[in-house]
>>> print(open('coords.cif').read())   # mmCIF, C-alpha atoms and all ligand atoms
data_entry
loop_
_atom_site.group_PDB
_atom_site.id
_atom_site.type_symbol
_atom_site.label_atom_id
_atom_site.label_comp_id
_atom_site.auth_asym_id
_atom_site.auth_seq_id
_atom_site.Cartn_x
_atom_site.Cartn_y
_atom_site.Cartn_z
ATOM 1 C CA MET A 1 0.000 0.000 0.000
ATOM 2 C CA ILE A 2 1.169 3.550 -0.725
ATOM 3 C CA ALA A 3 1.006 6.045 2.144
ATOM 4 C CA VAL A 4 1.538 9.803 1.880
ATOM 5 C CA CYS A 5 3.236 11.855 4.615
ATOM 6 C CA PRO A 6 2.384 15.498 3.815
ATOM 7 C CA GLY A 7 3.978 18.518 5.434
ATOM 8 C CA SER A 8 5.983 21.697 5.062
ATOM 9 C CA TYR A 9 9.147 20.155 6.501
ATOM 10 C CA ASP A 10 10.763 23.511 7.295
ATOM 11 C CA PRO A 11 13.116 21.924 8.133
ATOM 12 C CA VAL A 12 12.824 18.135 8.250
ATOM 13 C CA THR A 13 13.529 16.894 11.805
ATOM 14 C CA PHE A 14 14.381 13.576 13.456
ATOM 15 C CA GLY A 15 10.719 13.481 14.508
ATOM 16 C CA HIS A 16 9.560 13.626 10.866
ATOM 17 C CA LEU A 17 12.096 10.988 9.814
ATOM 18 C CA ASP A 18 10.912 8.673 12.593
ATOM 19 C CA ILE A 19 7.288 8.945 11.394
ATOM 20 C CA ILE A 20 8.310 8.454 7.743
ATOM 21 C CA ALA A 21 10.345 5.316 8.554
ATOM 22 C CA ARG A 22 7.550 3.859 10.693
ATOM 23 C CA ALA A 23 4.947 4.608 8.008
ATOM 24 C CA GLN A 24 7.152 2.808 5.485
ATOM 25 C CA ARG A 25 7.345 -0.240 7.770
ATOM 26 C CA LEU A 26 3.545 -0.235 8.123
ATOM 27 C CA PHE A 27 2.572 0.429 4.508
ATOM 28 C CA GLY A 28 5.555 -0.584 2.384
ATOM 29 C CA GLU A 29 5.769 2.547 0.281
ATOM 30 C CA VAL A 30 5.785 6.171 1.403
ATOM 31 C CA ILE A 31 5.584 9.346 -0.635
ATOM 32 C CA VAL A 32 6.686 12.378 1.337
ATOM 33 C CA ALA A 33 4.616 15.249 -0.072
ATOM 34 C CA VAL A 34 6.259 18.616 0.466
ATOM 35 C CA GLY A 35 3.836 21.513 0.282
ATOM 36 C CA ARG A 36 3.325 25.181 0.900
ATOM 37 C CA ASN A 37 0.925 26.214 3.608
ATOM 38 C CA SER A 38 -0.317 29.671 2.620
ATOM 39 C CA THR A 39 -0.538 30.714 6.291
ATOM 40 C CA LYS A 40 3.183 30.135 6.983
ATOM 41 C CA ASN A 41 6.432 32.006 6.450
ATOM 42 C CA TYR A 42 9.223 29.601 5.627
ATOM 43 C CA LEU A 43 12.911 29.504 6.556
ATOM 44 C CA PHE A 44 13.774 27.360 3.524
ATOM 45 C CA ALA A 45 12.409 27.866 0.005
ATOM 46 C CA PHE A 46 10.170 25.160 -1.448
ATOM 47 C CA ASP A 47 12.865 23.629 -3.688
ATOM 48 C CA GLU A 48 15.365 23.546 -0.871
ATOM 49 C CA ARG A 49 12.955 21.828 1.520
ATOM 50 C CA ILE A 50 12.443 19.137 -1.126
ATOM 51 C CA LYS A 51 16.195 18.790 -1.691
ATOM 52 C CA LEU A 52 16.940 18.479 2.040
ATOM 53 C CA LEU A 53 14.234 15.831 2.421
ATOM 54 C CA ARG A 54 15.562 13.847 -0.543
ATOM 55 C CA GLU A 55 19.023 13.883 1.019
ATOM 56 C CA ALA A 56 17.725 13.029 4.509
ATOM 57 C CA THR A 57 15.556 10.115 3.286
ATOM 58 C CA GLY A 58 18.016 8.910 0.650
ATOM 59 C CA SER A 59 18.960 5.770 2.582
ATOM 60 C CA LEU A 60 15.370 4.756 3.375
ATOM 61 C CA PRO A 61 14.053 2.096 0.987
ATOM 62 C CA GLY A 62 10.483 2.573 -0.253
ATOM 63 C CA VAL A 63 10.501 6.326 0.404
ATOM 64 C CA SER A 64 10.253 9.010 -2.278
ATOM 65 C CA VAL A 65 9.801 12.779 -2.061
ATOM 66 C CA LEU A 66 7.507 14.822 -4.313
ATOM 67 C CA PRO A 67 6.193 18.401 -4.359
ATOM 68 C CA ILE A 68 2.480 18.991 -3.797
ATOM 69 C CA SER A 69 0.755 22.124 -5.013
ATOM 70 C CA GLY A 70 -2.984 21.486 -5.101
ATOM 71 C CA LEU A 71 -5.291 19.525 -2.847
ATOM 72 C CA LEU A 72 -3.918 16.561 -0.928
ATOM 73 C CA VAL A 73 -6.839 14.388 -2.066
ATOM 74 C CA ASP A 74 -5.993 15.074 -5.742
ATOM 75 C CA PHE A 75 -2.323 14.345 -5.149
ATOM 76 C CA CYS A 76 -3.151 11.016 -3.481
ATOM 77 C CA ARG A 77 -5.497 10.028 -6.311
ATOM 78 C CA GLU A 78 -2.833 10.854 -8.928
ATOM 79 C CA GLN A 79 -0.197 8.862 -7.032
ATOM 80 C CA GLY A 80 -2.462 5.877 -6.317
ATOM 81 C CA ALA A 81 -2.053 6.413 -2.569
ATOM 82 C CA GLN A 82 -4.841 5.172 -0.316
ATOM 83 C CA VAL A 83 -3.814 6.582 3.040
ATOM 84 C CA VAL A 84 -2.371 9.694 4.654
ATOM 85 C CA VAL A 85 -0.130 9.218 7.693
ATOM 86 C CA LYS A 86 0.255 11.931 10.329
ATOM 87 C CA GLY A 87 2.350 11.898 13.487
ATOM 88 C CA LEU A 88 0.676 13.165 16.647
ATOM 89 C CA ARG A 89 2.602 14.741 19.499
ATOM 90 C CA PHE A 90 0.033 16.275 21.802
ATOM 91 C CA ALA A 91 -3.644 17.188 21.973
ATOM 92 C CA ALA A 92 -3.352 20.284 19.794
ATOM 93 C CA ASP A 93 -2.054 18.124 16.933
ATOM 94 C CA PHE A 94 -5.056 15.858 17.282
ATOM 95 C CA ASP A 95 -7.549 18.716 17.186
ATOM 96 C CA TYR A 96 -6.031 20.031 13.951
ATOM 97 C CA GLU A 97 -5.498 16.637 12.334
ATOM 98 C CA LEU A 98 -9.019 15.488 13.119
ATOM 99 C CA GLN A 99 -10.400 18.436 11.154
ATOM 100 C CA MET A 100 -8.036 17.719 8.251
ATOM 101 C CA ALA A 101 -8.881 14.008 8.320
ATOM 102 C CA HIS A 102 -12.603 14.699 8.172
ATOM 103 C CA LEU A 103 -12.121 17.250 5.401
ATOM 104 C CA ASN A 104 -9.978 14.902 3.321
ATOM 105 C CA ALA A 105 -12.439 12.036 3.856
ATOM 106 C CA GLU A 106 -15.262 14.282 2.680
ATOM 107 C CA LEU A 107 -13.353 15.802 -0.251
ATOM 108 C CA GLY A 108 -11.877 12.600 -1.625
ATOM 109 C CA GLY A 109 -12.732 9.560 0.482
ATOM 110 C CA LEU A 110 -9.172 9.628 1.780
ATOM 111 C CA GLU A 111 -8.288 7.648 4.914
ATOM 112 C CA THR A 112 -5.970 9.139 7.556
ATOM 113 C CA VAL A 113 -3.895 7.113 9.992
ATOM 114 C CA MET A 114 -2.465 8.969 12.994
ATOM 115 C CA ILE A 115 0.505 7.481 14.768
ATOM 116 C CA PRO A 116 2.014 8.660 18.045
ATOM 117 C CA ALA A 117 5.261 10.582 17.776
ATOM 118 C CA GLY A 118 8.243 8.594 19.025
ATOM 119 C CA LYS A 119 8.989 9.137 22.720
ATOM 120 C CA GLN A 120 12.373 10.626 21.967
ATOM 121 C CA TRP A 121 10.968 13.229 19.543
ATOM 122 C CA GLY A 122 7.533 13.622 21.111
ATOM 123 C CA THR A 123 7.556 17.397 21.486
ATOM 124 C CA LEU A 124 9.947 18.433 18.731
ATOM 125 C CA SER A 125 8.745 21.002 16.203
ATOM 126 C CA SER A 126 10.237 22.685 13.153
ATOM 127 C CA SER A 127 9.072 26.072 14.433
ATOM 128 C CA MET A 128 11.071 25.684 17.647
ATOM 129 C CA ILE A 129 14.096 24.593 15.662
ATOM 130 C CA ARG A 130 13.764 27.721 13.530
ATOM 131 C CA GLU A 131 13.547 29.810 16.708
ATOM 132 C CA VAL A 132 16.645 28.198 18.248
ATOM 133 C CA ALA A 133 18.532 28.631 14.975
ATOM 134 C CA HIS A 134 17.580 32.312 14.728
ATOM 135 C CA CYS A 135 18.899 32.881 18.232
ATOM 136 C CA GLY A 136 22.192 31.264 17.279
ATOM 137 C CA GLY A 137 21.593 27.976 19.117
ATOM 138 C CA ASP A 138 22.800 24.499 18.214
ATOM 139 C CA VAL A 139 20.115 22.403 16.473
ATOM 140 C CA SER A 140 22.316 19.422 15.623
ATOM 141 C CA GLY A 141 20.561 17.197 18.186
ATOM 142 C CA PHE A 142 17.217 17.589 16.410
ATOM 143 C CA VAL A 143 17.898 17.478 12.661
ATOM 144 C CA PRO A 144 20.193 15.510 10.330
ATOM 145 C CA GLN A 145 23.726 16.888 10.043
ATOM 146 C CA LEU A 146 23.175 18.090 6.466
ATOM 147 C CA VAL A 147 20.139 20.112 7.614
ATOM 148 C CA ALA A 148 22.008 21.569 10.605
ATOM 149 C CA ALA A 149 24.796 22.636 8.247
ATOM 150 C CA ARG A 150 22.361 24.354 5.851
ATOM 151 C CA ILE A 151 20.662 26.114 8.766
ATOM 152 C CA ALA A 152 24.038 27.376 9.967
ATOM 153 C CA ASP A 153 24.804 28.702 6.435
ATOM 154 C CA LYS A 154 21.433 30.346 6.236
ATOM 155 C CA VAL A 155 21.666 32.021 9.627
ATOM 156 C CA SER A 156 25.247 33.200 9.105
ATOM 157 C CA SER A 157 24.381 34.670 5.691
ATOM 158 C CA GLY A 158 21.584 36.635 7.393
ATOM 159 C CA LYS A 159 19.108 35.692 4.663
ATOM 160 C CA GLY A 160 16.215 34.975 7.031
ATOM 161 C CA PHE A 161 12.803 33.770 6.037
ATOM 162 C CA ASP A 162 11.463 32.838 2.630
ATOM 163 C CA ASN A 163 7.880 32.866 1.481
ATOM 164 C CA GLY A 164 8.337 30.210 -1.185
HETATM 165 O O1 LIG A 201 1.312 20.554 8.352
HETATM 166 P P1 LIG A 201 1.768 21.573 7.356
HETATM 167 O O2 LIG A 201 3.231 21.762 7.390
HETATM 168 O O3 LIG A 201 1.069 22.879 7.498
HETATM 169 O O4 LIG A 201 1.352 20.959 5.918
HETATM 170 C C1 LIG A 201 1.527 21.683 4.758
HETATM 171 C C2 LIG A 201 0.755 21.044 3.604
HETATM 172 C C3 LIG A 201 0.984 21.893 2.368
HETATM 173 C C4 LIG A 201 1.250 19.649 3.316
HETATM 174 C C5 LIG A 201 -0.750 21.009 3.980
HETATM 175 O O5 LIG A 201 -1.182 22.296 4.223
HETATM 176 C C6 LIG A 201 -1.566 20.342 2.882
HETATM 177 O O6 LIG A 201 -1.795 19.153 2.922
HETATM 178 N N1 LIG A 201 -1.982 21.125 1.878
HETATM 179 C C7 LIG A 201 -2.667 20.608 0.720
HETATM 180 C C8 LIG A 201 -3.974 21.352 0.507
HETATM 181 C C9 LIG A 201 -5.094 20.580 1.126
HETATM 182 O O7 LIG A 201 -5.481 19.564 0.630
HETATM 183 N N2 LIG A 201 -5.565 21.097 2.277
HETATM 184 C C10 LIG A 201 -6.579 20.422 3.019
HETATM 185 C C11 LIG A 201 -7.929 20.822 2.563
HETATM 186 S S1 LIG A 201 -8.216 22.560 2.579
#
>>> encode(input="coords.cif", output="structure tokens")
Amino acid sequence: MIAVCPGSYDPVTFGHLDIIARAQRLFGEVIVAVGRNSTKNYLFAFDERIKLLREATGSLPGVSVLPISGLLVDFCREQGAQVVVKGLRFAADFDYELQMAHLNAELGGLETVMIPAGKQWGTLSSSMIREVAHCGGDVSGFVPQLVAARIADKVSSGKGFDNG
């Protein structure tokens, strides 16, 4: 079965990679769908988020990374994916994901499976990593080395946020 793990991945974290690997073990094939959420400002541009994810998931068999621009239900239909997988950390995630799950079921008959975030990464978030990075902190415990290096470049070049 093909599962889709959608998100902004700005940047991809160890928490995301844990969910992606576990989804692959459950469903066999995973497409990581990298999108733009119109309500967010991004640290990394769209193309760079995709590139970082491809590098970070490169050693995982059965995992591919694709951009998503329209509706998730249309993307899943085009890709032949039957299920969306979301990681849940705490209650606020559930409240949001429940709404999305109901919407996607209504819009396209899409099933959503929610799996608990791994204990080690249970409260990690990309937004907090961005905050730590902006304040000059070390994020290497939370993201793959290649991502930490790109964050360091980005912060030292003073380029800041991207809307792409
Ligand atoms: O959790 P994120 O990071 O905000 O996810 C971003 C993204 C683009 C993957 C998410 O917003 C999404 O799935 N967008 C696709 C559009 C869609 O189908 N939205 C739900 C119905 S309005």
>>> resolve_selection(input="coords.cif", expression="the PyMOL selection byres (((not hetatm)) within 8 of (chain A and resi 201))", output="ChimeraX atom specification")
/A:6-10,33-38,40,68-74,100,103-104,107
>>> residues_around(input="coords.cif", residues="A:Cys5", least_positions_apart="5", cutoff="9 Å", atoms="all atoms listed in the file", output="list in words")
Ile19, Ile20, Ala23, Val30, Ile31, Val32, Ala33, Val34, Val83, Val84, Val85, Lys86 and Gly87 of chain A
>>> atom_distance(input="coords.cif", atom1="atom CA of A:Pro61", atom2="atom CA of A:Leu98")
29.3 Å
>>> residues_around(input="coords.cif", residues="A:Phe27", least_positions_apart="3", cutoff="7 Å", atoms="all atoms listed in the file", output="list in words")
Met1, Ile2, Ala3, Ala23 and Gln24 of chain A
>>> closest_residue(input="coords.cif", among="A:Leu110, A:Ala149, A:Ala92, A:Leu124", to="A:Phe75", atoms="all atoms listed in the file")
A:Leu110
>>> closest_residue(input="coords.cif", among="A:Ala117, A:Val143, A:Leu60, A:Cys135", to="A:Arg25", atoms="all atoms listed in the file")
A:Leu60
>>> residues_near_point(input="coords.cif", point="(12.7, 9.6, 23.6)", cutoff="12 Å", atoms="all atoms listed in the file", output="ChimeraX atom specification")
/A:14-15,18,117-124,142
>>> atom_distance(input="coords.cif", atom1="atom CA of A:Gly108", atom2="atom CA of A:Glu78")
11.8 Å
>>> closest_residue(input="coords.cif", among="A:Phe44, A:Arg49, A:Ile115, A:Leu66", to="A:Ala21", atoms="only C-alpha atoms")
A:Ile115
>>> atom_distance(input="coords.cif", atom1="atom CA of A:Leu146", atom2="atom CA of A:Leu53")
10.1 Å
>>> residues_around(input="coords.cif", residues="A:Ser127", least_positions_apart="5", cutoff="10 Å", atoms="all atoms listed in the file", output="list of chain:residue names")
A:Tyr9, A:Asp10, A:Pro11, A:Tyr42, A:Leu43, A:Val132, A:Ala133
>>> write_last_selection(input="coords.cif", atoms="C-alpha atoms", output="compact mmCIF listing (two decimals), in the coordinates of the input")
# COMPACT_ATOMS: atom_id res chain seq x y z
CA TYR A 9 9.15 20.16 6.50
CA ASP A 10 10.76 23.51 7.30
CA PRO A 11 13.12 21.92 8.13
CA TYR A 42 9.22 29.60 5.63
CA LEU A 43 12.91 29.50 6.56
CA VAL A 132 16.64 28.20 18.25
CA ALA A 133 18.53 28.63 14.98
>>> closest_residue(input="coords.cif", among="A:Lys154, A:His102, A:Lys51, A:Arg77", to="A:Arg130", atoms="all atoms listed in the file")
A:Lys154
>>> closest_residue(input="coords.cif", among="A:Glu48, A:Glu55, A:Glu97, A:Glu106", to="A:Gln145", atoms="all atoms listed in the file")
A:Glu55
>>> axis_aligned_box(input="coords.cif", around="stretch 41-54 of chain A", padding_each_side="5 Å", output="lines of an AutoDock Vina configuration file")
center_x = 11.7
center_y = 22.9
center_z = 1.4
size_x = 20.5
size_y = 28.2
size_z = 20.2
>>> closest_residue(input="coords.cif", among="A:Thr39, A:Ile50, A:Val12, A:Gly62", to="A:Leu26", atoms="all atoms listed in the file")
A:Gly62
>>> decode(input="coords.cif", residues="stretch 76-103 of chain A", atoms="N, CA, C and O atoms", output="short mmCIF file (atom, residue, chain, number, x, y, z; two decimals), in the first residue's frame")
data_model
loop_
_atom_site.label_atom_id
_atom_site.label_comp_id
_atom_site.auth_asym_id
_atom_site.auth_seq_id
_atom_site.Cartn_x
_atom_site.Cartn_y
_atom_site.Cartn_z
N CYS A 76 -3.09 12.44 -3.85
CA CYS A 76 -3.15 11.02 -3.48
C CYS A 76 -3.79 10.20 -4.60
O CYS A 76 -3.33 9.10 -4.91
N ARG A 77 -4.84 10.74 -5.21
CA ARG A 77 -5.50 10.03 -6.31
C ARG A 77 -4.51 9.85 -7.47
O ARG A 77 -4.36 8.76 -8.00
N GLU A 78 -3.81 10.93 -7.82
CA GLU A 78 -2.83 10.85 -8.93
C GLU A 78 -1.73 9.84 -8.65
O GLU A 78 -1.25 9.16 -9.54
N GLN A 79 -1.32 9.75 -7.39
CA GLN A 79 -0.20 8.86 -7.03
C GLN A 79 -0.66 7.44 -6.70
O GLN A 79 0.16 6.58 -6.40
N GLY A 80 -1.95 7.20 -6.68
CA GLY A 80 -2.46 5.88 -6.32
C GLY A 80 -2.27 5.56 -4.85
O GLY A 80 -2.16 4.39 -4.46
N ALA A 81 -2.24 6.61 -4.02
CA ALA A 81 -2.05 6.41 -2.57
C ALA A 81 -3.40 6.35 -1.87
O ALA A 81 -4.30 7.14 -2.17
N GLN A 82 -3.55 5.39 -0.97
CA GLN A 82 -4.84 5.17 -0.32
C GLN A 82 -4.93 5.78 1.07
O GLN A 82 -6.00 5.87 1.65
N VAL A 83 -3.80 6.15 1.64
CA VAL A 83 -3.81 6.58 3.04
C VAL A 83 -2.83 7.73 3.29
O VAL A 83 -1.78 7.80 2.65
N VAL A 84 -3.25 8.61 4.20
CA VAL A 84 -2.37 9.69 4.65
C VAL A 84 -1.92 9.34 6.07
O VAL A 84 -2.74 8.90 6.89
N VAL A 85 -0.64 9.50 6.35
CA VAL A 85 -0.13 9.22 7.69
C VAL A 85 0.32 10.52 8.34
O VAL A 85 1.07 11.29 7.73
N LYS A 86 -0.14 10.75 9.57
CA LYS A 86 0.26 11.93 10.33
C LYS A 86 0.79 11.49 11.69
O LYS A 86 0.22 10.59 12.33
N GLY A 87 1.84 12.14 12.14
CA GLY A 87 2.35 11.90 13.49
C GLY A 87 1.67 12.84 14.46
O GLY A 87 1.45 14.01 14.14
N LEU A 88 1.32 12.33 15.62
CA LEU A 88 0.68 13.17 16.65
C LEU A 88 1.59 13.29 17.86
O LEU A 88 2.07 12.30 18.38
N ARG A 89 1.79 14.53 18.31
CA ARG A 89 2.60 14.74 19.50
C ARG A 89 1.73 14.97 20.72
O ARG A 89 1.84 14.29 21.72
N PHE A 90 0.86 15.93 20.65
CA PHE A 90 0.03 16.27 21.80
C PHE A 90 -1.37 16.64 21.33
O PHE A 90 -1.66 16.58 20.13
N ALA A 91 -2.22 17.02 22.28
CA ALA A 91 -3.64 17.19 21.97
C ALA A 91 -3.90 18.20 20.85
O ALA A 91 -4.79 18.00 20.02
N ALA A 92 -3.11 19.26 20.82
CA ALA A 92 -3.35 20.28 19.79
C ALA A 92 -3.18 19.69 18.39
O ALA A 92 -3.90 20.07 17.46
N ASP A 93 -2.23 18.78 18.23
CA ASP A 93 -2.05 18.12 16.93
C ASP A 93 -3.32 17.36 16.57
O ASP A 93 -3.77 17.39 15.43
N PHE A 94 -3.86 16.67 17.55
CA PHE A 94 -5.06 15.86 17.28
C PHE A 94 -6.21 16.74 16.83
O PHE A 94 -6.90 16.42 15.86
N ASP A 95 -6.43 17.84 17.52
CA ASP A 95 -7.55 18.72 17.19
C ASP A 95 -7.45 19.18 15.73
O ASP A 95 -8.43 19.19 14.99
N TYR A 96 -6.24 19.56 15.32
CA TYR A 96 -6.03 20.03 13.95
C TYR A 96 -6.17 18.88 12.96
O TYR A 96 -6.85 18.99 11.94
N GLU A 97 -5.51 17.76 13.28
CA GLU A 97 -5.50 16.64 12.33
C GLU A 97 -6.87 15.99 12.18
O GLU A 97 -7.18 15.44 11.12
N LEU A 98 -7.66 16.05 13.22
CA LEU A 98 -9.02 15.49 13.12
C LEU A 98 -9.83 16.27 12.08
O LEU A 98 -10.52 15.69 11.24
N GLN A 99 -9.71 17.60 12.14
CA GLN A 99 -10.40 18.44 11.15
C GLN A 99 -9.93 18.11 9.75
O GLN A 99 -10.73 17.97 8.82
N MET A 100 -8.60 18.02 9.58
CA MET A 100 -8.04 17.72 8.25
C MET A 100 -8.48 16.34 7.78
O MET A 100 -8.81 16.16 6.60
N ALA A 101 -8.50 15.38 8.69
CA ALA A 101 -8.88 14.01 8.32
C ALA A 101 -10.33 13.97 7.84
O ALA A 101 -10.65 13.35 6.82
N HIS A 102 -11.19 14.67 8.56
CA HIS A 102 -12.60 14.70 8.17
C HIS A 102 -12.78 15.39 6.83
O HIS A 102 -13.55 14.95 5.98
N LEU A 103 -12.03 16.50 6.65
CA LEU A 103 -12.12 17.25 5.40
C LEU A 103 -11.65 16.39 4.23
O LEU A 103 -12.30 16.33 3.18
#
